[in-house]
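Colleague: I'm passing along upload-v6.txt; it holds compact mmCIF, C-alpha atoms and all ligand atoms.
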# COMPACT_ATOMS: atom_id res chain seq x y z
CA MET K 1 5.98 5.55 -0.12
CA LEU K 2 4.14 8.76 -0.84
CA LEU K 3 5.55 12.21 -1.56
CA GLY K 4 4.35 15.30 0.24
CA VAL K 5 5.83 18.38 -1.41
CA ASN K 6 6.63 21.33 0.81
CA ILE K 7 6.02 24.50 -1.21
CA ASP K 8 7.09 27.07 1.40
CA HIS K 9 10.03 28.21 -0.70
CA VAL K 10 7.79 29.16 -3.57
CA ALA K 11 6.27 31.64 -1.12
CA THR K 12 9.76 32.71 0.00
CA LEU K 13 10.56 33.67 -3.60
CA ARG K 14 7.22 35.40 -4.06
CA ASN K 15 7.68 37.41 -0.87
CA ALA K 16 11.12 38.60 -2.02
CA ARG K 17 9.28 41.09 -4.23
CA GLY K 18 6.07 41.27 -2.26
CA GLY K 19 3.93 40.53 -5.30
CA VAL K 20 2.02 37.50 -6.48
CA GLU K 21 4.67 35.62 -8.50
CA PRO K 22 5.41 32.76 -8.39
CA SER K 23 1.96 31.57 -7.35
CA VAL K 24 1.94 29.01 -4.56
CA ILE K 25 -1.45 27.83 -5.78
CA ARG K 26 -0.11 27.11 -9.27
CA ALA K 27 2.92 25.42 -7.67
CA ALA K 28 0.65 23.17 -5.62
CA ASN K 29 -1.30 22.21 -8.72
CA ILE K 30 1.88 21.34 -10.62
CA CYS K 31 3.13 19.24 -7.69
CA GLU K 32 -0.14 17.32 -7.63
CA GLU K 33 -0.10 16.78 -11.39
CA ASN K 34 3.41 15.32 -11.24
CA GLY K 35 3.28 12.79 -8.45
CA GLY K 36 2.94 14.80 -5.23
CA THR K 37 0.36 13.06 -3.04
CA SER K 38 0.00 15.89 -0.59
CA ILE K 39 0.94 19.54 -0.27
CA THR K 40 2.76 20.63 2.85
CA THR K 41 3.04 24.20 4.09
CA HIS K 42 4.32 25.67 7.32
CA LEU K 43 2.32 28.64 8.55
CA ARG K 44 5.03 30.12 10.75
CA GLU K 45 4.24 32.50 13.56
CA ASP K 46 6.23 35.24 11.79
CA ARG K 47 4.52 34.43 8.42
CA ARG K 48 7.91 34.65 6.70
CA HIS K 49 6.80 32.58 3.72
CA ILE K 50 3.27 31.13 3.68
CA LYS K 51 0.58 33.66 4.60
CA ASP K 52 -2.88 33.03 6.05
CA ALA K 53 -4.55 33.72 2.69
CA ASP K 54 -2.37 31.04 1.03
CA VAL K 55 -3.58 28.39 3.44
CA TYR K 56 -7.24 29.31 2.98
CA THR K 57 -6.93 29.29 -0.83
CA LEU K 58 -4.86 26.08 -0.90
CA MET K 59 -7.49 24.35 1.18
CA LYS K 60 -10.12 25.28 -1.41
CA THR K 61 -8.08 24.53 -4.52
CA ILE K 62 -5.86 21.51 -3.99
CA LYS K 63 -7.10 18.14 -5.12
CA THR K 64 -4.93 15.94 -2.89
CA LYS K 65 -4.40 16.62 0.82
CA LEU K 66 -3.20 19.65 2.73
CA ASN K 67 -0.69 18.94 5.48
CA LEU K 68 -0.29 22.03 7.65
CA GLU K 69 2.90 22.31 9.66
CA MET K 70 2.38 24.41 12.76
CA ALA K 71 3.84 25.27 16.14
CA MET K 72 1.96 24.92 19.43
CA ALA K 73 0.44 28.37 19.03
CA GLU K 74 -3.18 29.13 19.80
CA ASP K 75 -3.76 31.50 16.87
CA ILE K 76 -2.51 28.91 14.39
CA GLN K 77 -4.56 26.21 16.10
CA LYS K 78 -7.61 28.44 15.57
CA ILE K 79 -6.87 28.67 11.83
CA ALA K 80 -6.38 24.90 11.62
CA LEU K 81 -9.70 24.29 13.32
CA GLU K 82 -11.36 26.69 10.89
CA ILE K 83 -9.96 25.31 7.64
CA LYS K 84 -9.66 21.68 8.77
CA PRO K 85 -6.69 20.45 6.72
CA HIS K 86 -6.35 16.72 6.14
CA SER K 87 -3.50 16.67 8.64
CA ILE K 88 -1.35 18.90 10.77
CA CYS K 89 2.24 18.28 11.72
CA LEU K 90 3.24 19.80 15.03
CA VAL K 91 6.74 21.28 14.88
CA PRO K 92 8.92 23.25 17.29
CA GLU K 93 9.48 26.83 16.18
CA LYS K 94 12.12 29.34 17.10
CA ARG K 95 11.92 32.82 15.61
CA GLN K 96 15.60 33.14 14.75
CA GLU K 97 15.97 29.73 13.09
CA VAL K 98 16.43 29.45 9.33
CA THR K 99 14.38 26.27 9.21
CA THR K 100 12.94 23.79 11.72
CA GLU K 101 15.96 22.79 13.79
CA GLY K 102 15.46 19.57 15.71
CA GLY K 103 12.28 17.80 16.62
CA LEU K 104 9.51 18.64 19.04
CA ASP K 105 10.26 17.71 22.65
CA VAL K 106 7.15 15.60 23.22
CA ASP K 107 8.71 13.72 26.13
CA GLY K 108 9.44 16.94 28.01
CA GLN K 109 5.96 18.40 27.54
CA LEU K 110 3.71 15.40 27.25
CA ASN K 111 0.68 16.98 28.90
CA ASN K 112 0.93 20.20 26.90
CA VAL K 113 1.19 18.33 23.60
CA THR K 114 -1.64 15.96 24.50
CA GLU K 115 -3.94 18.84 25.47
CA PHE K 116 -2.96 20.96 22.47
CA ILE K 117 -3.77 18.29 19.89
CA LYS K 118 -7.04 17.18 21.52
CA PRO K 119 -9.32 19.74 19.77
CA LEU K 120 -7.58 19.03 16.44
CA LEU K 121 -8.16 15.29 16.79
CA ASN K 122 -11.74 15.91 17.88
CA ALA K 123 -12.24 17.94 14.69
CA GLY K 124 -11.20 14.91 12.63
CA ILE K 125 -7.79 16.29 11.66
CA ILE K 126 -4.97 13.74 11.52
CA VAL K 127 -2.13 14.72 13.82
CA SER K 128 1.54 14.05 13.24
CA LEU K 129 4.37 14.97 15.62
CA PHE K 130 7.71 16.02 14.16
CA ILE K 131 10.29 14.40 16.41
CA ASP K 132 13.92 13.40 16.40
CA PRO K 133 14.50 9.66 15.88
CA ASP K 134 14.81 9.07 19.59
CA LYS K 135 13.19 6.25 21.56
CA ALA K 136 11.97 8.42 24.44
CA GLN K 137 10.33 10.83 21.98
CA VAL K 138 8.69 7.96 20.10
CA ARG K 139 7.33 6.41 23.31
CA ALA K 140 5.99 9.78 24.47
CA SER K 141 4.39 10.43 21.06
CA ALA K 142 2.50 7.15 21.30
CA LYS K 143 0.89 8.37 24.54
CA THR K 144 -0.50 11.61 23.07
CA GLY K 145 -3.25 10.26 20.82
CA ALA K 146 -1.48 11.42 17.63
CA GLN K 147 -1.77 8.94 14.77
CA PHE K 148 1.56 9.75 13.09
CA ILE K 149 5.09 10.78 13.82
CA GLU K 150 7.32 12.44 11.27
CA MET K 151 10.94 11.56 11.91
CA HIS K 152 13.39 14.46 11.51
CA THR K 153 15.87 13.26 8.89
CA GLY K 154 18.15 16.30 9.23
CA ARG K 155 20.95 14.52 11.09
CA TYR K 156 20.86 11.61 8.62
CA SER K 157 20.93 14.02 5.68
CA GLU K 158 23.90 15.92 7.08
CA ALA K 159 25.74 12.66 7.86
CA PHE K 160 25.04 11.15 4.44
CA GLY K 161 28.29 9.99 2.83
CA THR K 162 30.29 10.40 6.07
CA ASP K 163 31.37 7.97 8.80
CA SER K 164 28.30 8.75 10.89
CA GLU K 165 25.75 8.00 8.16
CA GLU K 166 25.11 4.47 9.40
CA LYS K 167 24.58 5.55 13.00
CA GLU K 168 22.09 8.25 12.00
CA PHE K 169 20.35 5.93 9.56
CA LEU K 170 19.96 3.24 12.22
CA SER K 171 18.37 5.76 14.59
CA LEU K 172 15.72 6.35 11.93
CA LYS K 173 15.22 2.66 11.21
CA ASN K 174 14.96 1.67 14.88
CA SER K 175 12.69 4.57 15.77
CA ALA K 176 10.34 3.71 12.91
CA LYS K 177 10.18 0.12 14.05
CA LEU K 178 9.45 1.11 17.64
CA ALA K 179 6.80 3.63 16.56
CA GLN K 180 5.04 1.08 14.38
CA SER K 181 5.08 -1.45 17.24
CA LEU K 182 3.31 1.18 19.37
CA GLY K 183 0.62 1.69 16.71
CA LEU K 184 1.96 4.89 15.14
CA LYS K 185 2.25 5.49 11.41
CA VAL K 186 5.56 6.95 10.34
CA ASN K 187 6.50 9.77 7.96
CA ALA K 188 9.92 11.33 7.53
CA GLY K 189 11.44 14.52 6.22
CA HIS K 190 13.94 17.37 6.36
CA GLY K 191 17.05 17.65 4.26
CA LEU K 192 16.13 14.75 1.99
CA ASN K 193 17.42 15.16 -1.55
CA TYR K 194 17.93 13.26 -4.82
CA GLU K 195 21.10 11.57 -3.49
CA ASN K 196 20.16 10.56 0.05
CA VAL K 197 16.47 9.72 -0.36
CA HIS K 198 17.05 6.16 -1.62
CA ARG K 199 17.90 4.80 1.85
CA MET K 200 14.38 5.58 3.00
CA HIS K 201 13.39 2.43 1.07
CA GLU K 202 15.35 0.44 3.68
CA ILE K 203 12.92 1.56 6.39
CA GLU K 204 9.95 -0.73 6.31
CA GLY K 205 6.48 0.76 6.29
CA LEU K 206 7.41 4.43 5.89
CA TYR K 207 4.22 6.13 4.78
CA GLU K 208 5.14 9.53 3.36
CA LEU K 209 8.21 11.70 2.88
CA ASN K 210 7.86 15.46 3.12
CA ILE K 211 10.40 17.16 0.90
CA GLY K 212 10.74 20.82 0.02
CA HIS K 213 14.09 22.51 -0.37
CA SER K 214 15.76 20.05 -2.73
CA ILE K 215 12.73 19.90 -5.03
CA ILE K 216 12.26 23.65 -5.28
CA SER K 217 16.03 24.11 -5.74
CA ARG K 218 16.13 21.60 -8.58
CA ALA K 219 13.08 23.20 -10.13
CA VAL K 220 15.04 26.43 -10.65
CA PHE K 221 17.06 24.56 -13.28
CA THR K 222 14.72 21.87 -14.56
CA GLY K 223 11.23 23.21 -13.93
CA LEU K 224 8.84 22.10 -11.20
CA PRO K 225 7.13 19.29 -13.17
CA GLU K 226 10.45 17.47 -13.77
CA ALA K 227 11.69 18.08 -10.21
CA VAL K 228 8.55 16.63 -8.62
CA ARG K 229 8.20 13.77 -11.12
CA THR K 230 11.83 12.67 -10.63
CA MET K 231 11.52 12.68 -6.83
CA ALA K 232 8.15 10.91 -6.96
CA ASP K 233 9.72 8.21 -9.15
CA LEU K 234 12.64 7.80 -6.75
CA ILE K 235 10.43 7.17 -3.75
CA LYS K 236 7.58 5.27 -5.40
N1 LIG M 301 9.10 18.18 7.43
C1 LIG M 301 9.05 19.20 8.32
C2 LIG M 301 8.27 18.98 9.58
C3 LIG M 301 9.67 20.43 8.07
O1 LIG M 301 9.61 21.42 8.98
C4 LIG M 301 10.34 20.61 6.85
C5 LIG M 301 10.99 21.92 6.53
O2 LIG M 301 10.04 22.91 6.42
C6 LIG M 301 10.35 19.53 5.93
C7 LIG M 301 9.74 18.34 6.25
C8 LIG M 301 11.01 19.65 4.60
O3 LIG M 301 12.37 19.84 4.74
P1 LIG M 301 13.24 20.22 3.46
O4 LIG M 301 12.77 21.57 2.99
O5 LIG M 301 14.63 20.23 3.99
O6 LIG M 301 12.99 19.16 2.44
Render the structure in this file as structure tokens.
Modeller:
Amino acid sequence: MLLGVNIDHVATLRNARGGVEPSVIRAANICEENGGTSITTHLREDRRHIKDADVYTLMKTIKTKLNLEMAMAEDIQKIALEIKPHSICLVPEKRQEVTTEGGLDVDGQLNNVTEFIKPLLNAGIIVSLFIDPDKAQVRASAKTGAQFIEMHTGRYSEAFGTDSEEKEFLSLKNSAKLAQSLGLKVNAGHGLNYENVHRMHEIEGLYELNIGHSIISRAVFTGLPEAVRTMADLIK
């Protein structure tokens, strides 16, 4: 399994003072030097953390792969088509939410999603759809032309260590299996941390985990190199 490190919260900290520290570019470099196999950023419509300039500079400076999380918004699609990241991950976005809550409803808007990702696929950008581990969403995703799904692990992460852990874990495992049988590659992420990540090894064929909050939080105490290296070792 590979580790995509989400560095949005480095930008959150930087924006708290409106200056240039800490540098998201330096953070991306450190993540790459310590086992991160891709750098993930979410260019939100309200630009609350990552800004346009960050994405342009990251695209020029990172040595691994840029995975751009984005909503179905035309202005962001335009930026993606201009910079051509290695991949994009289509996520739902609500202005008031603290973070991405729930997966994209691909099943309920199959035509819209299919049409929206067409130009991105035509430009050679790999497309991933961030969905809940739900069979209808997996089946719909397989009809869009996207190559990947990213399973939302939020419910599993919240249930970890409780009576509902097994149920939430099985949703992930079964959805991954179904997706792979339909020709999709499978990533996962959201809420994964140093305690709950180990069960991802029980899901066969998972390609990459995208992890942000727990790594950046740990880095406050241990430094970013240790935080990334330890997570990369756990999922290797
Ligand atoms: N994957 C997606 C699609 C996300 O939106 C996020 C959160 O930005 C993550 C992964 C990472 O989640 P976390 O910060 O909880 O590790």
Colleague: One number please: CA of Lys118 (chain K) to CA of Pro85 (chain K), in Å, one decimal.
Modeller: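 Between CA of Lys118 (chain K) and CA of Pro85 (chain K) the gap works out to 15.2 Å.
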Colleague: If we count all atoms listed in the file, what is near region 212-223 of chain K at a cut-off of 7 Å, once residues fewer than 2 positions away on the same chain are taken out, given as a list in words?
Modeller: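 Within the cut-off, the hits are Val5, Asn6, Ile7, His9, Asn193, Asn210, Pro225, Glu226, Ala227 and Val228 of chain K.
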Colleague: Keeping C-alpha atoms for every residue in the selection just given, could you write it to a file as a PDB file, keeping the file's coordinate frame?
Modeller:
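Final output, selection-v3.pdb:
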ATOM      1  CA  VAL K   5       5.830  18.380  -1.410  1.00  0.00           C
ATOM      2  CA  ASN K   6       6.630  21.330   0.810  1.00  0.00           C
ATOM      3  CA  ILE K   7       6.020  24.500  -1.210  1.00  0.00           C
ATOM      4  CA  HIS K   9      10.030  28.210  -0.700  1.00  0.00           C
ATOM      5  CA  ASN K 193      17.420  15.160  -1.550  1.00  0.00           C
ATOM      6  CA  ASN K 210       7.860  15.460   3.120  1.00  0.00           C
ATOM      7  CA  PRO K 225       7.130  19.290 -13.170  1.00  0.00           C
ATOM      8  CA  GLU K 226      10.450  17.470 -13.770  1.00  0.00           C
ATOM      9  CA  ALA K 227      11.690  18.080 -10.210  1.00  0.00           C
ATOM     10  CA  VAL K 228       8.550  16.630  -8.620  1.00  0.00           C
TER      11      VAL K 228
END
Colleague: Taking (1.3, 26.6, -8.2) in the file's coordinates as the center, which residues reach within 12 Å of it, counting all atoms listed in the file, put as a ChimeraX atom specification?
Modeller: /K:5-11,14,20-34,39,54,57-58,61-62,216,223-225
Colleague: Residues contacting ligand LIG 301 (chain M) - anything with an atom at most 10 Å away, using all atoms listed in the file - can you give me those as a VMD selection string?
Modeller: chain K and resid 4 to 9 40 to 44 67 to 71 88 to 93 98 to 104 128 to 131 149 to 154 157 187 to 193 209 to 217
Colleague: Between CA of Pro119 (chain K) and CA of Arg47 (chain K), what is the distance in Å, rounded to a tenth?
Modeller: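 Going from CA of Pro119 (chain K) over to CA of Arg47 (chain K), I get 23.2 Å.
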Colleague: To one decimal in Å, tell me the separation between CA of Arg17 (chain K) and CA of His49 (chain K).
Modeller: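 Rounded to one decimal, the two atoms are 11.9 Å apart.
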Colleague: If we count only C-alpha atoms, what is near Phe148 (chain K) at a cut-off of 6 Å, once residues fewer than 3 positions away on the same chain are taken out, given as an MDAnalysis selection string?
Modeller: chainID K and resid 128 184:186
Colleague: Determine, counting all atoms listed in the file, which protein, DNA and RNA residues have an atom within 8 Å of an atom of region 197-204 of chain K; residues of the same chain fewer than 4 positions away are not included. Present the result as a list in words.
Modeller: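 Final neighbour list, sorted by chain and number: Leu172, Lys173, Ala176, Lys177, Leu192, Asn193, Leu234 and Ile235 of chain K.
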Colleague: Which residue gives the smallest distance to Asp134 (chain K) among K:Gln147, K:Ser175, K:Ser38, K:Asn112, with all atoms listed in the file counted?
Modeller: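 Checking each of K:Gln147, K:Ser175, K:Ser38, K:Asn112 against Asp134 (chain K), counting all atoms listed in the file, the winner is K:Ser175.
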Colleague: Which one is closest to Ala80 (chain K): K:Gly205, K:Gly124, K:Gly36, K:Gly161? Count all atoms listed in the file.
Modeller: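 Ranking K:Gly205, K:Gly124, K:Gly36, K:Gly161 by distance to Ala80 (chain K), first place goes to K:Gly124.
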Colleague: Go through K:Leu13, K:Leu2, K:Leu110, K:Met72 and flag the residue nearest Lys143 (chain K), using all atoms listed in the file for the distances.
Modeller: K:Leu110
Colleague: Restricting the calculation to all atoms listed in the file, which member of K:Ala142, K:Ala73, K:Lys65, K:Pro133 is positioned closest to Tyr156 (chain K)?
Modeller: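 Closest residue, counting all atoms listed in the file: K:Pro133.
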Colleague: If we count only C-alpha atoms and set the cut-off at 10 Å, which residues sit around Ile79 (chain K), ignoring sequence neighbours fewer than 5 positions away in its own chain? Please answer as a ChimeraX atom specification.
Modeller: /K:43,52,55-56,74,84-85
Colleague: Let's have the selection written as an mmCIF file, in the coordinates of the input, with C-alpha atoms.
Modeller:
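Below is the file that was written, out03.cif:
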data_model
loop_
_atom_site.group_PDB
_atom_site.id
_atom_site.type_symbol
_atom_site.label_atom_id
_atom_site.label_comp_id
_atom_site.auth_asym_id
_atom_site.auth_seq_id
_atom_site.Cartn_x
_atom_site.Cartn_y
_atom_site.Cartn_z
ATOM 1 C CA LEU K 43 2.320 28.640 8.550
ATOM 2 C CA ASP K 52 -2.880 33.030 6.050
ATOM 3 C CA VAL K 55 -3.580 28.390 3.440
ATOM 4 C CA TYR K 56 -7.240 29.310 2.980
ATOM 5 C CA GLU K 74 -3.180 29.130 19.800
ATOM 6 C CA LYS K 84 -9.660 21.680 8.770
ATOM 7 C CA PRO K 85 -6.690 20.450 6.720
#
Colleague: For Met59 (chain K), which residue among K:Ala140, K:Ala16, K:Ile83, K:Ile76 is the nearest when counting only C-alpha atoms?
Modeller: K:Ile83
Colleague: Which of these residues is nearest to Val127 (chain K), using only C-alpha atoms: K:His86, K:Lys94, K:Lys236, K:Lys167?
Modeller: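 Of all the options, K:His86 lies closest to Val127 (chain K).
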Colleague: Since the input is missing atoms for region 75-94 of chain K, could you rebuild it with N, CA and C atoms and give the result as a CSV table (one decimal), in the coordinates of the input?
Modeller:
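Produced file result_36.csv, reproduced below:
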chain,number,residue,atom,x,y,z
K,75,ASP,N,-3.2,30.9,18.0
K,75,ASP,CA,-3.8,31.5,16.9
K,75,ASP,C,-3.7,30.6,15.6
K,76,ILE,N,-2.6,29.8,15.5
K,76,ILE,CA,-2.5,28.9,14.4
K,76,ILE,C,-3.5,27.7,14.6
K,77,GLN,N,-3.6,27.3,15.8
K,77,GLN,CA,-4.6,26.2,16.1
K,77,GLN,C,-6.0,26.6,15.7
K,78,LYS,N,-6.3,27.9,15.9
K,78,LYS,CA,-7.6,28.4,15.6
K,78,LYS,C,-7.8,28.4,14.0
K,79,ILE,N,-6.8,28.7,13.3
K,79,ILE,CA,-6.9,28.7,11.8
K,79,ILE,C,-7.0,27.2,11.4
K,80,ALA,N,-6.3,26.3,12.0
K,80,ALA,CA,-6.4,24.9,11.6
K,80,ALA,C,-7.8,24.4,11.9
K,81,LEU,N,-8.4,24.8,13.0
K,81,LEU,CA,-9.7,24.3,13.3
K,81,LEU,C,-10.7,24.9,12.4
K,82,GLU,N,-10.4,26.1,11.8
K,82,GLU,CA,-11.4,26.7,10.9
K,82,GLU,C,-11.3,26.0,9.5
K,83,ILE,N,-10.1,25.8,9.0
K,83,ILE,CA,-10.0,25.3,7.6
K,83,ILE,C,-10.0,23.8,7.6
K,84,LYS,N,-9.7,23.1,8.7
K,84,LYS,CA,-9.7,21.7,8.8
K,84,LYS,C,-8.8,21.0,7.7
K,85,PRO,N,-7.5,21.2,7.7
K,85,PRO,CA,-6.7,20.4,6.7
K,85,PRO,C,-6.8,18.9,6.9
K,86,HIS,N,-6.3,18.2,6.0
K,86,HIS,CA,-6.4,16.7,6.1
K,86,HIS,C,-5.5,16.3,7.4
K,87,SER,N,-4.4,17.0,7.5
K,87,SER,CA,-3.5,16.7,8.6
K,87,SER,C,-2.7,17.9,9.1
K,88,ILE,N,-2.3,17.9,10.3
K,88,ILE,CA,-1.4,18.9,10.8
K,88,ILE,C,-0.1,18.2,11.3
K,89,CYS,N,1.0,18.8,11.2
K,89,CYS,CA,2.2,18.3,11.7
K,89,CYS,C,2.8,19.3,12.7
K,90,LEU,N,2.8,18.9,14.0
K,90,LEU,CA,3.2,19.8,15.0
K,90,LEU,C,4.8,19.9,15.1
K,91,VAL,N,5.3,21.1,14.9
K,91,VAL,CA,6.7,21.3,14.9
K,91,VAL,C,7.2,22.3,15.9
K,92,PRO,N,8.4,22.2,16.4
K,92,PRO,CA,8.9,23.2,17.3
K,92,PRO,C,9.2,24.5,16.4
K,93,GLU,N,9.2,25.6,17.0
K,93,GLU,CA,9.5,26.8,16.2
K,93,GLU,C,10.2,27.9,17.0
K,94,LYS,N,11.4,28.3,16.5
K,94,LYS,CA,12.1,29.3,17.1
K,94,LYS,C,12.2,30.5,16.1
